[in-house]
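Engineer: Sharing upload_20.txt below, compact mmCIF, C-alpha atoms:
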# COMPACT_ATOMS: atom_id res chain seq x y z
CA MET A 1 34.59 -78.12 -55.87
CA PRO A 2 36.67 -77.44 -52.76
CA GLU A 3 34.83 -76.07 -49.79
CA GLN A 4 35.24 -72.38 -49.20
CA GLU A 5 37.19 -71.49 -46.13
CA GLN A 6 35.10 -70.04 -43.30
CA ILE A 7 35.93 -66.39 -42.83
CA ALA A 8 36.56 -65.57 -39.24
CA LEU A 9 34.48 -62.62 -37.96
CA SER A 10 35.74 -60.15 -35.49
CA PRO A 11 34.03 -60.03 -32.09
CA GLU A 12 32.61 -56.64 -33.04
CA GLU A 13 31.05 -58.02 -36.26
CA GLU A 14 29.61 -61.03 -34.41
CA ALA A 15 28.00 -58.69 -31.88
CA ARG A 16 26.59 -56.46 -34.62
CA ARG A 17 25.04 -59.41 -36.48
CA ALA A 18 23.59 -60.83 -33.27
CA GLU A 19 22.01 -57.48 -32.56
CA ILE A 20 20.45 -57.42 -36.04
CA ARG A 21 19.01 -60.92 -35.55
CA ALA A 22 17.60 -59.99 -32.16
CA ALA A 23 16.03 -56.83 -33.58
CA ARG A 24 14.39 -58.83 -36.36
CA GLN A 25 13.06 -61.33 -33.85
CA ARG A 26 11.67 -58.55 -31.65
CA LYS A 27 9.99 -56.94 -34.67
CA LYS A 28 8.47 -60.27 -35.71
CA GLN A 29 7.18 -60.93 -32.21
CA GLN A 30 5.78 -57.40 -31.94
CA LYS A 31 3.93 -57.85 -35.23
CA GLN A 32 2.44 -61.14 -34.03
CA GLU A 33 1.31 -59.53 -30.78
CA GLN A 34 -0.29 -56.65 -32.69
CA THR A 35 -2.15 -59.10 -34.93
CA GLN A 36 -3.39 -61.03 -31.92
CA LEU A 37 -4.43 -57.82 -30.20
CA ALA A 38 -6.30 -56.66 -33.32
CA GLY A 39 -8.12 -59.97 -33.40
CA LYS A 40 -9.19 -59.55 -29.81
CA GLU A 41 -10.10 -55.91 -30.40
CA HIS A 42 -12.52 -56.88 -33.16
CA ALA A 43 -14.27 -59.53 -31.07
CA PRO A 44 -17.27 -57.74 -29.51
CA PRO A 45 -18.20 -58.64 -25.92
CA LEU A 46 -20.44 -61.68 -25.79
CA ARG A 47 -24.16 -60.83 -25.85
CA ARG A 48 -26.42 -63.39 -24.23
CA LEU A 49 -29.98 -64.36 -25.08
CA LEU A 50 -31.97 -63.47 -21.95
CA PRO A 51 -35.24 -65.23 -21.06
CA VAL A 52 -38.08 -62.70 -21.27
CA VAL A 53 -39.48 -61.59 -17.93
CA GLY A 54 -43.09 -60.44 -18.06
CA ASN A 55 -45.56 -60.46 -20.93
CA SER A 56 -44.49 -58.02 -23.63
CA VAL A 57 -46.65 -59.77 -26.25
CA PRO A 58 -49.88 -61.44 -25.05
CA LEU A 59 -50.08 -64.92 -26.52
CA ARG A 60 -53.42 -66.60 -27.10
CA GLN A 61 -54.17 -69.46 -24.78
CA PRO A 62 -53.11 -72.55 -26.71
CA GLN A 63 -55.50 -75.45 -26.99
CA GLN A 64 -54.28 -78.95 -26.35
CA HIS A 65 -51.46 -79.46 -28.76
CA ASP A 66 -48.20 -81.28 -29.23
CA ASP A 67 -45.35 -78.99 -28.14
CA ARG A 68 -43.24 -80.55 -30.86
CA LEU A 69 -45.34 -78.60 -33.36
CA ARG A 70 -44.34 -75.29 -31.81
CA ARG A 71 -41.76 -73.51 -33.95
CA SER A 72 -38.99 -71.15 -32.92
CA PHE A 73 -36.63 -68.91 -34.86
CA THR A 74 -34.54 -65.81 -34.25
CA LEU A 75 -35.31 -62.41 -35.77
CA MET A 76 -32.86 -59.47 -35.87
CA THR A 77 -33.22 -55.80 -36.76
CA TYR A 78 -30.07 -53.79 -37.41
CA ASN A 79 -29.25 -50.35 -38.82
CA VAL A 80 -25.74 -51.04 -40.08
CA LEU A 81 -24.79 -47.39 -40.87
CA ALA A 82 -24.38 -46.76 -44.58
CA GLN A 83 -20.85 -45.89 -45.58
CA CYS A 84 -22.17 -43.02 -47.71
CA LEU A 85 -23.38 -41.40 -44.45
CA CYS A 86 -20.15 -42.08 -42.56
CA ARG A 87 -18.62 -38.59 -42.52
CA ARG A 88 -15.84 -37.68 -40.12
CA ASP A 89 -17.47 -34.44 -38.95
CA LEU A 90 -20.58 -36.35 -37.87
CA PHE A 91 -18.61 -38.67 -35.59
CA PRO A 92 -15.95 -36.41 -34.04
CA TYR A 93 -15.50 -38.74 -31.07
CA CYS A 94 -14.51 -41.70 -33.28
CA LYS A 95 -11.08 -42.72 -34.47
CA LYS A 96 -10.88 -42.26 -38.22
CA GLU A 97 -10.09 -45.95 -38.80
CA HIS A 98 -13.44 -46.86 -37.22
CA LEU A 99 -15.22 -45.01 -40.03
CA LYS A 100 -13.48 -46.70 -42.98
CA TYR A 101 -15.55 -49.31 -44.77
CA LYS A 102 -12.65 -51.75 -45.18
CA ALA A 103 -12.42 -51.89 -41.38
CA ARG A 104 -16.14 -51.60 -40.59
CA PHE A 105 -17.74 -54.08 -42.94
CA PRO A 106 -15.74 -57.19 -41.95
CA ILE A 107 -16.73 -56.52 -38.34
CA LEU A 108 -20.39 -56.05 -39.28
CA LEU A 109 -20.53 -59.14 -41.43
CA LYS A 110 -18.74 -61.30 -38.88
CA GLU A 111 -21.19 -60.12 -36.21
CA ILE A 112 -24.20 -60.98 -38.38
CA THR A 113 -23.11 -64.18 -40.12
CA GLN A 114 -20.71 -65.78 -37.61
CA THR A 115 -21.38 -64.47 -34.10
CA ILE A 116 -25.13 -63.83 -33.77
CA LYS A 117 -26.32 -65.75 -36.86
CA PRO A 118 -30.04 -64.80 -36.93
CA ASP A 119 -32.48 -66.99 -38.82
CA VAL A 120 -34.06 -63.85 -40.28
CA ALA A 121 -32.72 -60.29 -40.19
CA CYS A 122 -34.01 -56.90 -41.29
CA LEU A 123 -31.15 -54.55 -42.15
CA GLN A 124 -31.31 -50.81 -42.78
CA GLU A 125 -28.83 -48.36 -44.34
CA VAL A 126 -27.21 -51.09 -46.40
CA ASP A 127 -24.72 -50.07 -49.08
CA HIS A 128 -21.70 -51.81 -50.62
CA PHE A 129 -24.09 -54.71 -51.04
CA ASP A 130 -22.66 -56.41 -54.12
CA ASP A 131 -19.01 -56.24 -53.12
CA MET A 132 -19.26 -56.74 -49.34
CA PHE A 133 -22.62 -58.07 -48.14
CA ALA A 134 -23.66 -60.49 -50.88
CA PRO A 135 -20.54 -62.70 -50.83
CA ALA A 136 -20.59 -63.01 -47.04
CA LEU A 137 -24.33 -63.73 -46.90
CA ARG A 138 -24.11 -66.30 -49.69
CA GLY A 139 -21.23 -68.06 -47.97
CA ALA A 140 -23.18 -68.22 -44.70
CA GLY A 141 -26.23 -69.85 -46.29
CA TYR A 142 -28.52 -66.81 -46.51
CA ASP A 143 -30.87 -65.66 -49.23
CA TRP A 144 -32.08 -62.06 -49.40
CA GLU A 145 -34.14 -59.27 -50.91
CA TYR A 146 -32.32 -55.96 -51.26
CA LEU A 147 -34.06 -52.66 -52.08
CA GLN A 148 -32.13 -49.43 -52.73
CA LYS A 149 -33.67 -46.05 -52.01
CA ALA A 150 -32.22 -44.40 -55.12
CA PRO A 151 -30.40 -46.93 -57.33
CA GLU A 152 -29.75 -44.24 -59.93
CA LYS A 153 -27.35 -42.51 -57.52
CA ASP A 154 -23.72 -43.54 -57.16
CA GLU A 155 -24.02 -43.46 -53.37
CA SER A 156 -27.32 -44.92 -52.22
CA HIS A 157 -28.23 -47.20 -49.36
CA GLY A 158 -31.31 -49.28 -48.79
CA LEU A 159 -33.09 -52.09 -46.98
CA CYS A 160 -32.32 -55.79 -46.95
CA ILE A 161 -34.14 -58.78 -45.48
CA ILE A 162 -32.03 -61.93 -45.17
CA TRP A 163 -33.09 -65.44 -44.20
CA LYS A 164 -31.49 -68.86 -43.85
CA LYS A 165 -32.26 -70.90 -46.93
CA ASP A 166 -32.48 -74.16 -45.02
CA LEU A 167 -35.33 -72.78 -42.87
CA PHE A 168 -37.36 -70.49 -45.15
CA GLN A 169 -38.22 -69.86 -48.77
CA LYS A 170 -39.70 -66.74 -50.34
CA TYR A 171 -43.45 -66.88 -50.98
CA ARG A 172 -44.48 -63.27 -51.64
CA TYR A 173 -42.48 -60.03 -51.85
CA GLN A 174 -43.76 -56.45 -52.05
CA THR A 175 -41.99 -53.10 -51.90
CA LEU A 176 -43.28 -49.72 -50.78
CA HIS A 177 -42.06 -46.29 -51.83
CA TYR A 178 -43.77 -43.95 -49.38
CA ASP A 179 -43.51 -40.96 -51.72
CA ASP A 180 -45.72 -42.85 -54.21
CA SER A 181 -48.55 -43.43 -51.75
CA PRO A 182 -51.56 -41.09 -52.09
CA LEU A 183 -51.42 -40.41 -48.35
CA THR A 184 -47.67 -39.77 -48.15
CA HIS A 185 -47.04 -38.27 -51.55
CA PRO A 186 -45.04 -35.01 -51.42
CA THR A 187 -47.18 -31.88 -51.15
CA PRO A 188 -46.50 -28.15 -50.74
CA ILE A 189 -45.95 -28.75 -47.01
CA THR A 190 -44.49 -32.25 -47.00
CA PRO A 191 -41.06 -33.20 -48.35
CA VAL A 192 -39.79 -35.84 -50.70
CA THR A 193 -38.44 -38.40 -48.24
CA GLY A 194 -37.14 -41.25 -50.39
CA ASN A 195 -38.18 -43.66 -47.64
CA ILE A 196 -39.06 -47.24 -48.50
CA ALA A 197 -40.26 -50.49 -46.96
CA GLN A 198 -40.22 -54.21 -47.71
CA LEU A 199 -42.94 -56.78 -47.08
CA LEU A 200 -41.80 -60.38 -47.33
CA ALA A 201 -43.81 -63.55 -46.75
CA LEU A 202 -41.53 -66.49 -45.91
CA LYS A 203 -42.75 -70.08 -45.99
CA PHE A 204 -41.23 -72.70 -43.76
CA VAL A 205 -39.14 -75.13 -45.77
CA ALA A 206 -40.45 -78.09 -43.77
CA PRO A 207 -44.04 -77.30 -42.73
CA ALA A 208 -45.36 -79.19 -39.73
CA THR A 209 -48.86 -80.57 -39.35
CA ASN A 210 -51.27 -78.09 -37.72
CA SER A 211 -48.63 -75.36 -37.84
CA SER A 212 -48.50 -71.99 -39.52
CA THR A 213 -47.47 -72.00 -43.17
CA GLY A 214 -45.05 -69.12 -42.66
CA ILE A 215 -44.47 -65.60 -41.39
CA LEU A 216 -44.87 -62.11 -42.79
CA ILE A 217 -41.95 -59.73 -42.21
CA ALA A 218 -41.94 -55.96 -42.75
CA ASN A 219 -38.72 -53.95 -42.83
CA THR A 220 -38.64 -50.15 -42.87
CA HIS A 221 -36.67 -47.01 -42.10
CA LEU A 222 -38.91 -44.01 -41.43
CA TYR A 223 -38.15 -40.37 -42.18
CA TRP A 224 -35.35 -39.05 -40.01
CA ARG A 225 -35.97 -35.34 -39.35
CA PRO A 226 -36.71 -34.80 -35.62
CA THR A 227 -39.45 -32.26 -36.31
CA ALA A 228 -41.16 -34.47 -38.89
CA GLN A 229 -43.39 -36.48 -36.56
CA TYR A 230 -46.25 -35.96 -38.98
CA GLU A 231 -44.27 -37.64 -41.78
CA LYS A 232 -43.41 -40.60 -39.59
CA LEU A 233 -47.07 -40.91 -38.58
CA ARG A 234 -48.23 -41.04 -42.20
CA GLN A 235 -45.52 -43.51 -43.20
CA ALA A 236 -46.29 -45.79 -40.25
CA TYR A 237 -49.95 -45.82 -41.25
CA VAL A 238 -49.17 -46.63 -44.89
CA LEU A 239 -46.90 -49.50 -43.86
CA LEU A 240 -49.38 -51.05 -41.42
CA ASN A 241 -52.27 -50.58 -43.83
CA ASN A 242 -50.34 -52.45 -46.54
CA VAL A 243 -49.47 -55.22 -44.08
CA VAL A 244 -53.14 -55.72 -43.19
CA ALA A 245 -54.16 -55.64 -46.87
CA LEU A 246 -51.59 -58.28 -47.78
CA ARG A 247 -52.73 -60.54 -44.95
CA LYS A 248 -56.38 -60.27 -45.99
CA GLU A 249 -55.86 -60.57 -49.72
CA ASP A 250 -53.34 -63.36 -49.93
CA LEU A 251 -51.94 -64.83 -46.72
CA GLY A 252 -54.74 -65.28 -44.22
CA ALA A 253 -54.76 -65.28 -40.45
CA SER A 254 -52.32 -68.18 -40.11
CA TRP A 255 -49.38 -65.96 -41.07
CA PRO A 256 -48.11 -64.18 -37.94
CA THR A 257 -46.70 -60.76 -38.74
CA LEU A 258 -43.61 -58.94 -37.47
CA LEU A 259 -42.52 -55.38 -38.29
CA CYS A 260 -38.88 -54.39 -37.85
CA GLY A 261 -36.68 -51.41 -38.50
CA ASP A 262 -35.33 -48.05 -37.54
CA TRP A 263 -38.52 -46.14 -36.88
CA ASN A 264 -36.72 -42.88 -35.97
CA THR A 265 -39.15 -42.40 -33.11
CA THR A 266 -38.63 -42.84 -29.37
CA PRO A 267 -41.00 -44.63 -27.00
CA ASN A 268 -42.12 -41.22 -25.74
CA ASP A 269 -43.14 -40.03 -29.20
CA GLY A 270 -46.71 -40.05 -30.41
CA VAL A 271 -46.03 -42.44 -33.29
CA TYR A 272 -44.81 -45.22 -30.97
CA ARG A 273 -47.69 -44.68 -28.58
CA LEU A 274 -50.29 -44.73 -31.35
CA LEU A 275 -48.90 -47.93 -32.87
CA THR A 276 -48.98 -49.61 -29.45
CA LYS A 277 -52.46 -48.20 -28.67
CA GLN A 278 -51.45 -45.98 -25.76
CA PRO A 279 -53.02 -42.61 -24.97
CA LEU A 280 -51.35 -39.39 -26.08
CA THR A 281 -50.53 -36.37 -23.97
CA ASP A 282 -51.41 -32.93 -25.33
CA VAL A 283 -47.72 -32.33 -26.09
CA GLN A 284 -47.38 -35.62 -27.97
CA ARG A 285 -50.51 -34.83 -29.94
CA ALA A 286 -49.21 -31.35 -30.83
CA HIS A 287 -45.92 -32.80 -32.13
CA LEU A 288 -47.88 -34.81 -34.70
CA GLU A 289 -49.08 -31.71 -36.52
CA PRO A 290 -47.27 -30.90 -39.79
CA VAL A 291 -44.18 -28.72 -39.54
CA PRO A 292 -42.95 -27.34 -42.88
CA GLN A 293 -39.59 -29.03 -43.48
CA PRO A 294 -36.43 -27.53 -44.99
CA SER A 295 -36.12 -27.78 -48.76
CA VAL A 296 -39.69 -28.94 -49.22
CA SER A 297 -40.31 -29.88 -52.81
CA THR A 298 -42.49 -32.17 -54.87
CA THR A 299 -39.48 -33.05 -57.05
CA PRO A 300 -36.62 -35.11 -55.66
CA ALA A 301 -34.04 -33.08 -57.57
CA THR A 302 -34.45 -30.05 -55.31
CA THR A 303 -34.79 -31.89 -52.03
CA THR A 304 -32.07 -31.52 -49.42
CA SER A 305 -29.76 -34.52 -49.67
CA GLU A 306 -29.80 -36.82 -46.66
CA SER A 307 -26.01 -36.72 -46.72
CA THR A 308 -26.25 -33.03 -45.82
CA VAL A 309 -27.97 -33.83 -42.53
CA PRO A 310 -27.71 -37.62 -42.36
CA GLU A 311 -30.10 -40.04 -40.76
CA SER A 312 -27.41 -41.07 -38.31
CA THR A 313 -27.92 -37.77 -36.49
CA ALA A 314 -31.68 -37.78 -36.94
CA THR A 315 -32.64 -37.12 -33.35
CA SER A 316 -29.90 -34.75 -32.28
CA ASN A 317 -32.64 -32.20 -31.63
CA ALA A 318 -35.86 -32.82 -29.75
CA PRO A 319 -39.09 -32.68 -31.78
CA ARG A 320 -41.03 -29.46 -31.52
CA ALA A 321 -44.59 -28.46 -32.20
CA PRO A 322 -45.39 -25.90 -34.90
CA SER A 323 -45.03 -22.31 -33.84
CA PRO A 324 -48.22 -20.18 -33.70
CA SER A 325 -46.48 -17.72 -36.01
CA GLN A 326 -46.12 -20.30 -38.80
CA PRO A 327 -48.54 -19.80 -41.70
CA THR A 328 -51.49 -22.15 -42.03
CA LEU A 329 -50.98 -24.23 -45.17
CA HIS A 330 -53.35 -26.56 -46.95
CA ASN A 331 -53.01 -30.11 -45.69
CA PRO A 332 -54.60 -32.81 -47.85
CA ALA A 333 -54.45 -35.35 -45.02
CA PRO A 334 -54.99 -33.69 -41.63
CA THR A 335 -53.49 -35.34 -38.59
CA SER A 336 -56.95 -36.17 -37.26
CA THR A 337 -57.71 -38.14 -40.44
CA VAL A 338 -54.52 -40.18 -40.14
CA LEU A 339 -55.17 -40.83 -36.45
CA ASP A 340 -58.67 -42.15 -37.20
CA ARG A 341 -57.35 -44.46 -39.90
CA LEU A 342 -54.51 -45.74 -37.73
CA ALA A 343 -56.89 -46.38 -34.82
CA ALA A 344 -58.80 -48.85 -37.00
CA LEU A 345 -55.67 -50.97 -37.64
CA PRO A 346 -54.29 -53.74 -35.39
CA ARG A 347 -52.16 -53.02 -32.35
CA LEU A 348 -48.41 -53.51 -32.42
CA TYR A 349 -46.54 -55.04 -29.48
CA SER A 350 -42.85 -54.30 -29.02
CA CYS A 351 -40.80 -57.39 -28.22
CA TYR A 352 -38.35 -55.31 -26.18
CA SER A 353 -41.00 -53.40 -24.20
CA ASN A 354 -40.17 -55.53 -21.12
CA TYR A 355 -36.43 -55.21 -21.51
CA GLN A 356 -35.94 -53.16 -18.33
CA GLN A 357 -37.69 -55.93 -16.41
CA THR A 358 -35.81 -58.66 -18.26
CA HIS A 359 -32.41 -57.02 -17.74
CA PRO A 360 -32.61 -54.66 -14.71
CA SER A 361 -28.85 -53.95 -14.72
CA HIS A 362 -28.99 -52.73 -18.34
CA THR A 363 -28.10 -49.22 -17.21
CA GLU A 364 -28.51 -47.19 -14.06
CA ASP A 365 -29.25 -44.03 -16.01
CA THR A 366 -32.43 -45.02 -17.82
CA PRO A 367 -34.94 -42.55 -19.27
CA SER A 368 -38.63 -43.28 -18.99
CA TRP A 369 -38.93 -45.49 -22.04
CA ASP A 370 -41.84 -47.65 -20.85
CA GLY A 371 -39.57 -50.64 -20.39
CA GLU A 372 -37.74 -50.34 -23.72
CA PRO A 373 -33.91 -50.35 -23.76
CA ALA A 374 -32.29 -47.10 -22.73
CA PHE A 375 -30.62 -46.91 -26.13
CA THR A 376 -30.28 -48.58 -29.50
CA THR A 377 -28.02 -45.83 -30.82
CA LEU A 378 -25.26 -44.12 -28.85
CA GLY A 379 -23.16 -41.18 -29.93
CA SER A 380 -23.96 -37.52 -30.59
CA TRP A 381 -27.49 -38.46 -29.55
CA THR A 382 -28.33 -41.46 -27.39
CA GLY A 383 -31.71 -43.16 -27.26
CA THR A 384 -34.02 -45.84 -28.62
CA LEU A 385 -35.17 -45.82 -32.25
CA ASP A 386 -35.17 -49.49 -33.31
CA TYR A 387 -37.95 -52.00 -32.67
CA ILE A 388 -39.22 -55.50 -33.38
CA PHE A 389 -43.02 -55.36 -33.35
CA VAL A 390 -45.57 -58.18 -33.34
CA CYS A 391 -48.79 -57.30 -35.15
CA ALA A 392 -51.97 -58.44 -33.41
CA PRO A 393 -54.56 -60.49 -35.33
CA ASP A 394 -57.19 -58.44 -37.13
CA ASP A 395 -60.18 -60.74 -37.44
CA VAL A 396 -63.32 -58.74 -38.17
CA ASN A 397 -65.41 -60.62 -35.62
CA ASN A 398 -62.69 -60.37 -32.97
CA GLU A 399 -62.95 -64.11 -32.40
CA ARG A 400 -59.26 -64.48 -31.64
CA THR A 401 -57.66 -63.05 -28.55
CA GLY A 402 -53.92 -62.79 -28.18
CA CYS A 403 -51.15 -63.34 -30.71
CA ASP A 404 -49.87 -66.55 -32.26
CA ILE A 405 -46.24 -65.48 -31.90
CA GLY A 406 -44.11 -63.80 -29.25
CA PRO A 407 -40.57 -63.49 -27.89
CA VAL A 408 -39.19 -65.94 -25.33
CA LYS A 409 -35.62 -64.60 -25.33
CA LEU A 410 -34.04 -61.23 -26.11
CA LEU A 411 -30.49 -60.46 -27.17
CA GLU A 412 -28.97 -58.32 -24.44
CA LEU A 413 -27.75 -54.81 -25.12
CA PRO A 414 -24.02 -54.10 -24.72
CA LYS A 415 -22.86 -52.38 -21.55
CA PRO A 416 -22.67 -48.61 -22.01
CA SER A 417 -19.04 -48.76 -20.84
CA ASP A 418 -18.23 -50.93 -23.89
CA LEU A 419 -19.58 -48.23 -26.21
CA GLU A 420 -17.92 -45.10 -24.84
CA PRO A 421 -17.31 -42.46 -26.07
CA GLY A 422 -19.77 -43.48 -28.79
CA LEU A 423 -20.44 -45.65 -31.80
CA PRO A 424 -19.01 -46.88 -34.09
CA ASN A 425 -15.89 -48.28 -32.43
CA SER A 426 -13.50 -51.19 -32.89
CA ASP A 427 -16.03 -53.75 -31.59
CA PHE A 428 -19.33 -52.33 -32.90
CA ALA A 429 -19.11 -51.05 -36.45
CA SER A 430 -22.42 -49.15 -36.65
CA ASP A 431 -23.84 -46.22 -34.69
CA HIS A 432 -26.76 -48.52 -33.81
CA VAL A 433 -26.69 -51.86 -32.01
CA CYS A 434 -28.71 -54.78 -33.28
CA LEU A 435 -31.76 -56.21 -31.53
CA MET A 436 -32.77 -59.85 -31.80
CA ALA A 437 -35.60 -61.92 -30.35
CA GLU A 438 -36.07 -65.66 -30.23
CA MET A 439 -39.66 -66.04 -31.34
CA HIS A 440 -41.98 -68.93 -30.49
CA LEU A 441 -44.84 -69.61 -32.86
CA LEU A 442 -47.85 -71.49 -31.53
CA PRO A 443 -49.50 -74.20 -33.62
CA SER A 444 -52.51 -73.10 -35.63
CA HIS A 445 -55.95 -73.84 -34.28
CA HIS A 446 -59.26 -74.05 -36.10
As structure tokens, please, write out the structure in this file.
Structural biologist:
Amino acid sequence: MPEQEQIALSPEEEARRAEIRAARQRKKQQKQEQTQLAGKEHAPPLRRLLPVVGNSVPLRQPQQHDDRLRRSFTLMTYNVLAQCLCRRDLFPYCKKEHLKYKARFPILLKEITQTIKPDVACLQEVDHFDDMFAPALRGAGYDWEYLQKAPEKDESHGLCIIWKKDLFQKYRYQTLHYDDSPLTHPTPITPVTGNIAQLLALKFVAPATNSSTGILIANTHLYWRPTAQYEKLRQAYVLLNNVVALRKEDLGASWPTLLCGDWNTTPNDGVYRLLTKQPLTDVQRAHLEPVPQPSVSTTPATTTSESTVPESTATSNAPRAPSPSQPTLHNPAPTSTVLDRLAALPRLYSCYSNYQQTHPSHTEDTPSWDGEPAFTTLGSWTGTLDYIFVCAPDDVNNERTGCDIGPVKLLELPKPSDLEPGLPNSDFASDHVCLMAEMHLLPSHH
């Protein structure tokens, strides 16, 4: 077949076609630059593990032992912000794309499974578990226990404990529904909360001689209403009481215990101070008295939905004591009773209680948080609500002094300038930031 003759183009046509090619090239290059920029935008600033300064958790004095028997692992707590609570009107300072789950969840999962990679993590406000979380966790070598607050609802979040399968295996698992407890069951003056907790005993895959068999982890998210300090107090007692019961009945003293979560209480609140065995002021004590809550009911069907006033804005108002004009209602578990019961339980030590000493440049505008970070949530309300606690031993004869486990490094908090004007943003996909401690576990002694 004879070759077709080349058709000569006019100078004008040559120029037009060259301009089209150049425009296409510019568009392609611009798209590549945007992709690269998006990749950089979704890479959060590096967060270091800082050596702990001070003694946030008193360790027992170890006897002569081989340091090779000492174990270490990392433990994270993270409120990941449930998508069912992610309403635009609650985050007016955010760009709308930062609130969409298709943008948020890849950032969250990359942070957890690829960037920080904790050995164990306690997650709160987890939804889209089957379609988003489970595949990513499975691919990263994690196992898990997931507990929904209300699985019968189309939109329901919950708690999840994850652990690396090559380090731990599940030994014992227990769930708590606070509304089912005799002490925290809904009454005429206390609401249906829907709050839950997980207790998980993890055995080490490769136990070492003269070393602890495993660890006990508790994960919780306490009631969110700012005025409901009484509810948080009761729930904290029920959780700690169940932890102690599980240790005594099944695990024994060789299982160090850690309690994680979003406790919806600040270091200045009475609940935190009672758990850490610190004295209360008169104001803190007054805030622990019951305050009738909106939409109080003993049936969940008539309780105000948490999506109406979501947990993400739980502390937008300061707690207040009951007004003298409020009617006196029957209380089946007076505050004094709960305080007496809680006083008989072991002390909790916060792993981040020395954070201000460990990281003095954390922020120049720091409230009096007794050494805790200035914030773990930043947005419409800014402050500290998330904790990793170590539970002290509870031997009856008080023969043991100090704890068998404690933090040696803490994951640093992001700079406030990286979080403005508030969370979530393109780098941090929740309205909370995660905390993580590198824990050292001393060998057992007999």
Engineer: Rank nothing, just name the residue among A:Ser430, A:Thr363, A:Asn195, A:Thr227 nearest to Ser181 (chain A), using all atoms listed in the file.
Structural biologist: A:Asn195
Engineer: Using all atoms listed in the file, give me every residue within 9 Å of (-46.0, -60.7, -24.5) in file coordinates, as a ChimeraX atom specification.
Structural biologist: /A:52,54-59,349-351,353-354,402-403,405-408
Engineer: Quick check, in Å to one decimal: how far apart do CA of Asp404 (chain A) and CA of Met439 (chain A) lie?
Structural biologist: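 One can read the CA of Asp404 (chain A) to CA of Met439 (chain A) distance as 10.3 Å.
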Engineer: Can you work out the spacing between CA of Asp154 (chain A) and CA of Leu137 (chain A) in Å, to one decimal?
Structural biologist: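 Those two atoms sit 22.7 Å apart.
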Engineer: With all atoms listed in the file as the atoms that count, which of A:Trp255, A:Tyr142, A:Tyr178, A:Tyr223 lies nearest to Gln198 (chain A)?
Structural biologist: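 Between A:Trp255, A:Tyr142, A:Tyr178, A:Tyr223, the residue approaching Gln198 (chain A) most closely is A:Tyr178.
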Engineer: Which value, in Å to one decimal, gives the distance between CA of Asp179 (chain A) and CA of Cys86 (chain A)?
Structural biologist: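 That distance, rounded to one decimal, is 25.1 Å.
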Engineer: Considering only C-alpha atoms, can you say which of A:Tyr93, A:Ala140, A:Asp269, A:His359 comes closest to Glu420 (chain A)?
Structural biologist: A:Tyr93
Engineer: Would you please work out which residue, of A:Glu438, A:Glu231, A:Asp418, A:Asp131, is nearest to Lys117 (chain A) when using all atoms listed in the file?
Structural biologist: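 Using all atoms listed in the file, the shortest distance to Lys117 (chain A) belongs to A:Glu438.
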Engineer: Using all atoms listed in the file, list the residues that have an atom at most 7 Å from (-56.5, -56.0, -35.2), coordinates as in the file, as an MDAnalysis selection string.
Structural biologist: chainID A and resid 345:347 392:395
Engineer: Name the residues in contact with Lys203 (chain A) at a cut-off of 6 Å, using all atoms listed in the file, excluding same-chain residues fewer than 3 positions from it; report them as a PyMOL selection string.
Structural biologist: chain A and resi 168-169+171+213-214
Engineer: Taking only C-alpha atoms into account, name the residue in A:Leu246, A:Leu239, A:Cys94, A:Ala103 that is nearest to Leu419 (chain A).
Structural biologist: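 Among the listed residues, the smallest separation from Leu419 (chain A) belongs to A:Cys94.
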Engineer: Can you pull out every residue within 9 Å of Cys434 (chain A), counting all atoms listed in the file, but drop anything in the same chain fewer than 6 positions away, and send it as a list in words?
Structural biologist: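 Near Cys434 (chain A), the qualifying residues are Met76, Thr77, Tyr78, Asn79, Val80, Thr376, Asp386, Leu411 and Leu413 of chain A.
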Engineer: Kindly indicate which residue among A:Asn219, A:Gln278, A:Ser336, A:Gln235 lies nearest to Pro182 (chain A), using all atoms listed in the file for the distances.
Structural biologist: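 Closest residue, counting all atoms listed in the file: A:Gln235.
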Engineer: Mind giving me the axis-aligned box for region 165-177 of chain A with 6 Å on every side, centre plus edges in Å to one decimal, as AutoDock Vina command-line options?
Structural biologist:
--center_x -38.4 --center_y -60.2 --center_z -47.5 --size_x 24.2 --size_y 39.9 --size_z 21.2
Engineer: Determine, counting all atoms listed in the file, which protein, DNA and RNA residues have an atom within 8 Å of an atom of region 260-267 of chain A; residues of the same chain fewer than 2 positions away are not included. Present the result as number ranges by chain.
Structural biologist: A: 77-79, 122-124, 217-224, 232, 258, 269, 271-273, 314-315, 369-370, 372, 383-389
